[in-house]
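*Asks:* Before I ask anything, here is the structure I am working with.
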Amino acid sequence: MRSYDFTPLYRSAIGYDRLAHMFDEALRNDAQPSYPPYNIELLSENEYRISMAVAGFERAELDIEAENDVLKVVGRKQRSETKSTYLHRGIASRDFEHRFRLAEHVKVASASLDNGLLNIQLVREIPEALKPRKIAIDGDNVHMLERRTA
């Protein structure tokens, strides 16, 4: 496995430390958790859905938390007091914690649990001040800057 050193980037790029930290973190976390399996769908230009297969988990055993630009989904299975004897065990019921890094202005709109799938709706809400705007060109009203002499 290759290892990259982003130290020179930290020294010469001011204000890009968050980006360098993201690259560094992504390279360190090479082994992404595969349980539970999930899909990420693009529903429209500004809408997404994360669907996680959480068969066997109840609503009370799942926790979704959004903080800054990280979405954290946690499943903590309550242990049964009765001991089961399995001839074949193919359904995993272990605890999990999965983190998703969200882009700027992406917010969690809603979450639902239906037929063993946890669906998390995400929406990108760009503030009006950051949206592109049309500038009207008016040839009749030419404004001149006045020079002020002190």
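Going by the structure tokens order, chains are called A, B, ..., each with residues numbered from 1, while ligands are numbered from 1 in the order shown.
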Got a sec: who's within 12 Å of A:Gln78, counting only C-alpha atoms, leaving out chain neighbours fewer than 6 positions off, as a list in words?

*Replies:*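 Surrounding residues, per the criterion: Gly56, Phe57, Glu58, Arg59, Ala60, Glu61, Leu62, Ser93, Arg94 and Asp95 of chain A.
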
*Asks:* Go ahead and save the residues from that selection, with all heavy atoms, as a PDB file, in the first residue's frame.

*Replies:*
ATOM      1  N   GLY A  56     -33.752  -6.963  10.901  1.00  0.00           N
ATOM      2  CA  GLY A  56     -33.640  -7.416  12.281  1.00  0.00           C
ATOM      3  C   GLY A  56     -33.497  -6.300  13.290  1.00  0.00           C
ATOM      4  O   GLY A  56     -33.628  -6.531  14.484  1.00  0.00           O
ATOM      5  N   PHE A  57     -33.227  -5.064  12.841  1.00  0.00           N
ATOM      6  CA  PHE A  57     -33.107  -3.936  13.766  1.00  0.00           C
ATOM      7  C   PHE A  57     -34.458  -3.232  13.895  1.00  0.00           C
ATOM      8  O   PHE A  57     -35.183  -3.059  12.922  1.00  0.00           O
ATOM      9  CB  PHE A  57     -32.073  -2.924  13.257  1.00  0.00           C
ATOM     10  CG  PHE A  57     -30.658  -3.332  13.514  1.00  0.00           C
ATOM     11  CD1 PHE A  57     -29.991  -4.140  12.612  1.00  0.00           C
ATOM     12  CD2 PHE A  57     -29.998  -2.908  14.647  1.00  0.00           C
ATOM     13  CE1 PHE A  57     -28.694  -4.526  12.834  1.00  0.00           C
ATOM     14  CE2 PHE A  57     -28.689  -3.294  14.887  1.00  0.00           C
ATOM     15  CZ  PHE A  57     -28.031  -4.107  13.977  1.00  0.00           C
ATOM     16  N   GLU A  58     -34.781  -2.836  15.117  1.00  0.00           N
ATOM     17  CA  GLU A  58     -35.991  -2.058  15.370  1.00  0.00           C
ATOM     18  C   GLU A  58     -35.625  -0.580  15.390  1.00  0.00           C
ATOM     19  O   GLU A  58     -34.454  -0.223  15.512  1.00  0.00           O
ATOM     20  CB  GLU A  58     -36.602  -2.470  16.702  1.00  0.00           C
ATOM     21  CG  GLU A  58     -37.065  -3.916  16.718  1.00  0.00           C
ATOM     22  CD  GLU A  58     -37.656  -4.319  18.059  1.00  0.00           C
ATOM     23  OE1 GLU A  58     -38.126  -3.418  18.791  1.00  0.00           O
ATOM     24  OE2 GLU A  58     -37.649  -5.507  18.359  1.00  0.00           O
ATOM     25  N   ARG A  59     -36.650   0.271  15.276  1.00  0.00           N
ATOM     26  CA  ARG A  59     -36.416   1.728  15.275  1.00  0.00           C
ATOM     27  C   ARG A  59     -35.627   2.178  16.501  1.00  0.00           C
ATOM     28  O   ARG A  59     -34.754   3.021  16.412  1.00  0.00           O
ATOM     29  CB  ARG A  59     -37.752   2.477  15.221  1.00  0.00           C
ATOM     30  CG  ARG A  59     -38.350   2.554  13.868  1.00  0.00           C
ATOM     31  CD  ARG A  59     -39.671   3.348  13.886  1.00  0.00           C
ATOM     32  NE  ARG A  59     -40.153   3.576  12.542  1.00  0.00           N
ATOM     33  CZ  ARG A  59     -40.797   2.690  11.813  1.00  0.00           C
ATOM     34  NH1 ARG A  59     -41.041   1.495  12.308  1.00  0.00           N
ATOM     35  NH2 ARG A  59     -41.202   2.987  10.601  1.00  0.00           N
ATOM     36  N   ALA A  60     -35.947   1.616  17.649  1.00  0.00           N
ATOM     37  CA  ALA A  60     -35.286   2.022  18.893  1.00  0.00           C
ATOM     38  C   ALA A  60     -33.812   1.631  18.923  1.00  0.00           C
ATOM     39  O   ALA A  60     -33.040   2.183  19.709  1.00  0.00           O
ATOM     40  CB  ALA A  60     -36.013   1.402  20.083  1.00  0.00           C
ATOM     41  N   GLU A  61     -33.398   0.706  18.082  1.00  0.00           N
ATOM     42  CA  GLU A  61     -32.010   0.245  18.064  1.00  0.00           C
ATOM     43  C   GLU A  61     -31.151   1.007  17.054  1.00  0.00           C
ATOM     44  O   GLU A  61     -29.959   0.762  16.954  1.00  0.00           O
ATOM     45  CB  GLU A  61     -31.969  -1.252  17.736  1.00  0.00           C
ATOM     46  CG  GLU A  61     -32.668  -2.104  18.769  1.00  0.00           C
ATOM     47  CD  GLU A  61     -32.818  -3.549  18.354  1.00  0.00           C
ATOM     48  OE1 GLU A  61     -32.938  -3.827  17.134  1.00  0.00           O
ATOM     49  OE2 GLU A  61     -32.818  -4.416  19.249  1.00  0.00           O
ATOM     50  N   LEU A  62     -31.764   1.922  16.315  1.00  0.00           N
ATOM     51  CA  LEU A  62     -31.056   2.706  15.300  1.00  0.00           C
ATOM     52  C   LEU A  62     -30.980   4.165  15.728  1.00  0.00           C
ATOM     53  O   LEU A  62     -31.933   4.709  16.297  1.00  0.00           O
ATOM     54  CB  LEU A  62     -31.773   2.603  13.952  1.00  0.00           C
ATOM     55  CG  LEU A  62     -31.841   1.201  13.346  1.00  0.00           C
ATOM     56  CD1 LEU A  62     -32.784   1.186  12.165  1.00  0.00           C
ATOM     57  CD2 LEU A  62     -30.453   0.729  12.945  1.00  0.00           C
ATOM     58  N   SER A  93     -26.484  -9.839  12.817  1.00  0.00           N
ATOM     59  CA  SER A  93     -27.204  -8.991  13.773  1.00  0.00           C
ATOM     60  C   SER A  93     -26.213  -8.306  14.709  1.00  0.00           C
ATOM     61  O   SER A  93     -26.460  -8.162  15.886  1.00  0.00           O
ATOM     62  CB  SER A  93     -28.212  -9.820  14.566  1.00  0.00           C
ATOM     63  OG  SER A  93     -27.550 -10.820  15.305  1.00  0.00           O
ATOM     64  N   ARG A  94     -25.109  -7.900  14.151  1.00  0.00           N
ATOM     65  CA  ARG A  94     -24.082  -7.271  14.973  1.00  0.00           C
ATOM     66  C   ARG A  94     -24.257  -5.746  14.961  1.00  0.00           C
ATOM     67  O   ARG A  94     -24.889  -5.180  14.084  1.00  0.00           O
ATOM     68  CB  ARG A  94     -22.691  -7.660  14.490  1.00  0.00           C
ATOM     69  CG  ARG A  94     -22.383  -7.271  13.063  1.00  0.00           C
ATOM     70  CD  ARG A  94     -21.007  -7.826  12.665  1.00  0.00           C
ATOM     71  NE  ARG A  94     -20.624  -7.439  11.341  1.00  0.00           N
ATOM     72  CZ  ARG A  94     -20.822  -8.156  10.253  1.00  0.00           C
ATOM     73  NH1 ARG A  94     -21.441  -9.325  10.340  1.00  0.00           N
ATOM     74  NH2 ARG A  94     -20.424  -7.731   9.076  1.00  0.00           N
ATOM     75  N   ASP A  95     -23.668  -5.119  15.947  1.00  0.00           N
ATOM     76  CA  ASP A  95     -23.707  -3.659  16.036  1.00  0.00           C
ATOM     77  C   ASP A  95     -22.892  -3.059  14.903  1.00  0.00           C
ATOM     78  O   ASP A  95     -21.972  -3.691  14.381  1.00  0.00           O
ATOM     79  CB  ASP A  95     -23.128  -3.195  17.375  1.00  0.00           C
ATOM     80  CG  ASP A  95     -23.970  -3.632  18.564  1.00  0.00           C
ATOM     81  OD1 ASP A  95     -25.106  -4.088  18.349  1.00  0.00           O
ATOM     82  OD2 ASP A  95     -23.475  -3.521  19.695  1.00  0.00           O
TER      83      ASP A  95
END

*Asks:* Hey, what does DSSP flag as strand (DSSP E) within stretch 73-126 of chain A? Can you give it to me as a PyMOL selection string?

*Replies:* chain A and resi 73-75+96-101+106-114+117-124

*Asks:* Please identify all polymer residues within 8 Å of A:Asp69, counting only C-alpha atoms, omitting same-chain residues fewer than 5 positions from it, and present them as a ChimeraX atom specification.

*Replies:* /A:101-104

*Asks:* May I have the residues from that selection written out with C-alpha atoms, as a PDB file, in the first residue's frame?

*Replies:*
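File written: selection-v6.pdb
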ATOM      1  CA  ARG A 101     -19.121  12.735   4.827  1.00  0.00           C
ATOM      2  CA  LEU A 102     -21.645  15.211   3.432  1.00  0.00           C
ATOM      3  CA  ALA A 103     -20.834  17.923   0.922  1.00  0.00           C
ATOM      4  CA  GLU A 104     -21.436  21.568   1.733  1.00  0.00           C
TER       5      GLU A 104
END

*Asks:* Of the residues A:Leu113, A:Val73, A:Met52, A:Leu122, which is the one nearest to A:Pro36, using only C-alpha atoms?

*Replies:*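 Between A:Leu113, A:Val73, A:Met52, A:Leu122, the residue approaching A:Pro36 most closely is A:Met52.
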
*Asks:* To one decimal in Å, tell me the separation between atom CA of A:Gly90 and atom CA of A:Lys77.

*Replies:*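 Interatomic distance here is 16.2 Å.
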
*Asks:* When you look at A:Ile64 with a cut-off of 12 Å (counting only C-alpha atoms), what residues show up, excluding the ones that are within fewer than 2 positions of it in the same chain? I need them as a PyMOL selection string.

*Replies:* chain A and resi 50+52+59-62+66-67+70-76+96-100+108-113+118-121

*Asks:* Determine, counting only C-alpha atoms, which protein, DNA and RNA residues have an atom within 9 Å of an atom of A:Glu41; residues of the same chain fewer than 3 positions away are not included. Present the result as number ranges by chain.

*Replies:* A: 47-51

*Asks:* Which of these residues is nearest to A:Leu117, using only C-alpha atoms: A:Ala55, A:Thr85, A:Ser80, A:Ile40?

*Replies:* A:Ala55

*Asks:* Per DSSP on the backbone, filter stretch 25-91 of chain A down to the residues in helix (DSSP H, G or I) and report them as number ranges by chain.

*Replies:* A: 25-28, 59-61

*Asks:* From the options A:Asp138, A:Glu45, A:Asp63, A:Glu81, which residue's atoms come nearest to A:Val106, counting only C-alpha atoms?

*Replies:*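 The shortest atom-to-atom distance to A:Val106 comes from A:Glu45.
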
*Asks:* What is the distance, in Å and to one decimal place, between atom CA of A:Asp114 and atom CA of A:His88?

*Replies:*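 Atom-to-atom, atom CA of A:Asp114 to atom CA of A:His88, that is 25.7 Å.
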
*Asks:* Of the residues A:Asn115, A:Val54, A:Tyr86, A:Pro127, which is the one nearest to A:Pro37, using only C-alpha atoms?

*Replies:* A:Val54

*Asks:* Near A:His105, counting only C-alpha atoms, which residues have an atom at most 6 Å away, once you skip same-chain residues fewer than 4 positions from it, shown as a PyMOL selection string?

*Replies:* chain A and resi 124-126

*Asks:* Let me see the file: selected residues, C-alpha atoms, as a short mmCIF file (atom, residue, chain, number, x, y, z; two decimals), in the first residue's frame.

*Replies:*
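Output (selection29.cif):
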data_model
loop_
_atom_site.label_atom_id
_atom_site.label_comp_id
_atom_site.auth_asym_id
_atom_site.auth_seq_id
_atom_site.Cartn_x
_atom_site.Cartn_y
_atom_site.Cartn_z
CA ARG A 124 -28.73 20.12 -1.02
CA GLU A 125 -30.01 23.55 0.00
CA ILE A 126 -27.83 26.24 -1.51
#

*Asks:* State, in Å with one decimal place, the distance from atom CA of A:Gly116 to atom CA of A:Ala53.

*Replies:*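 Interatomic distance, atom CA of A:Gly116 to atom CA of A:Ala53: 6.0 Å.
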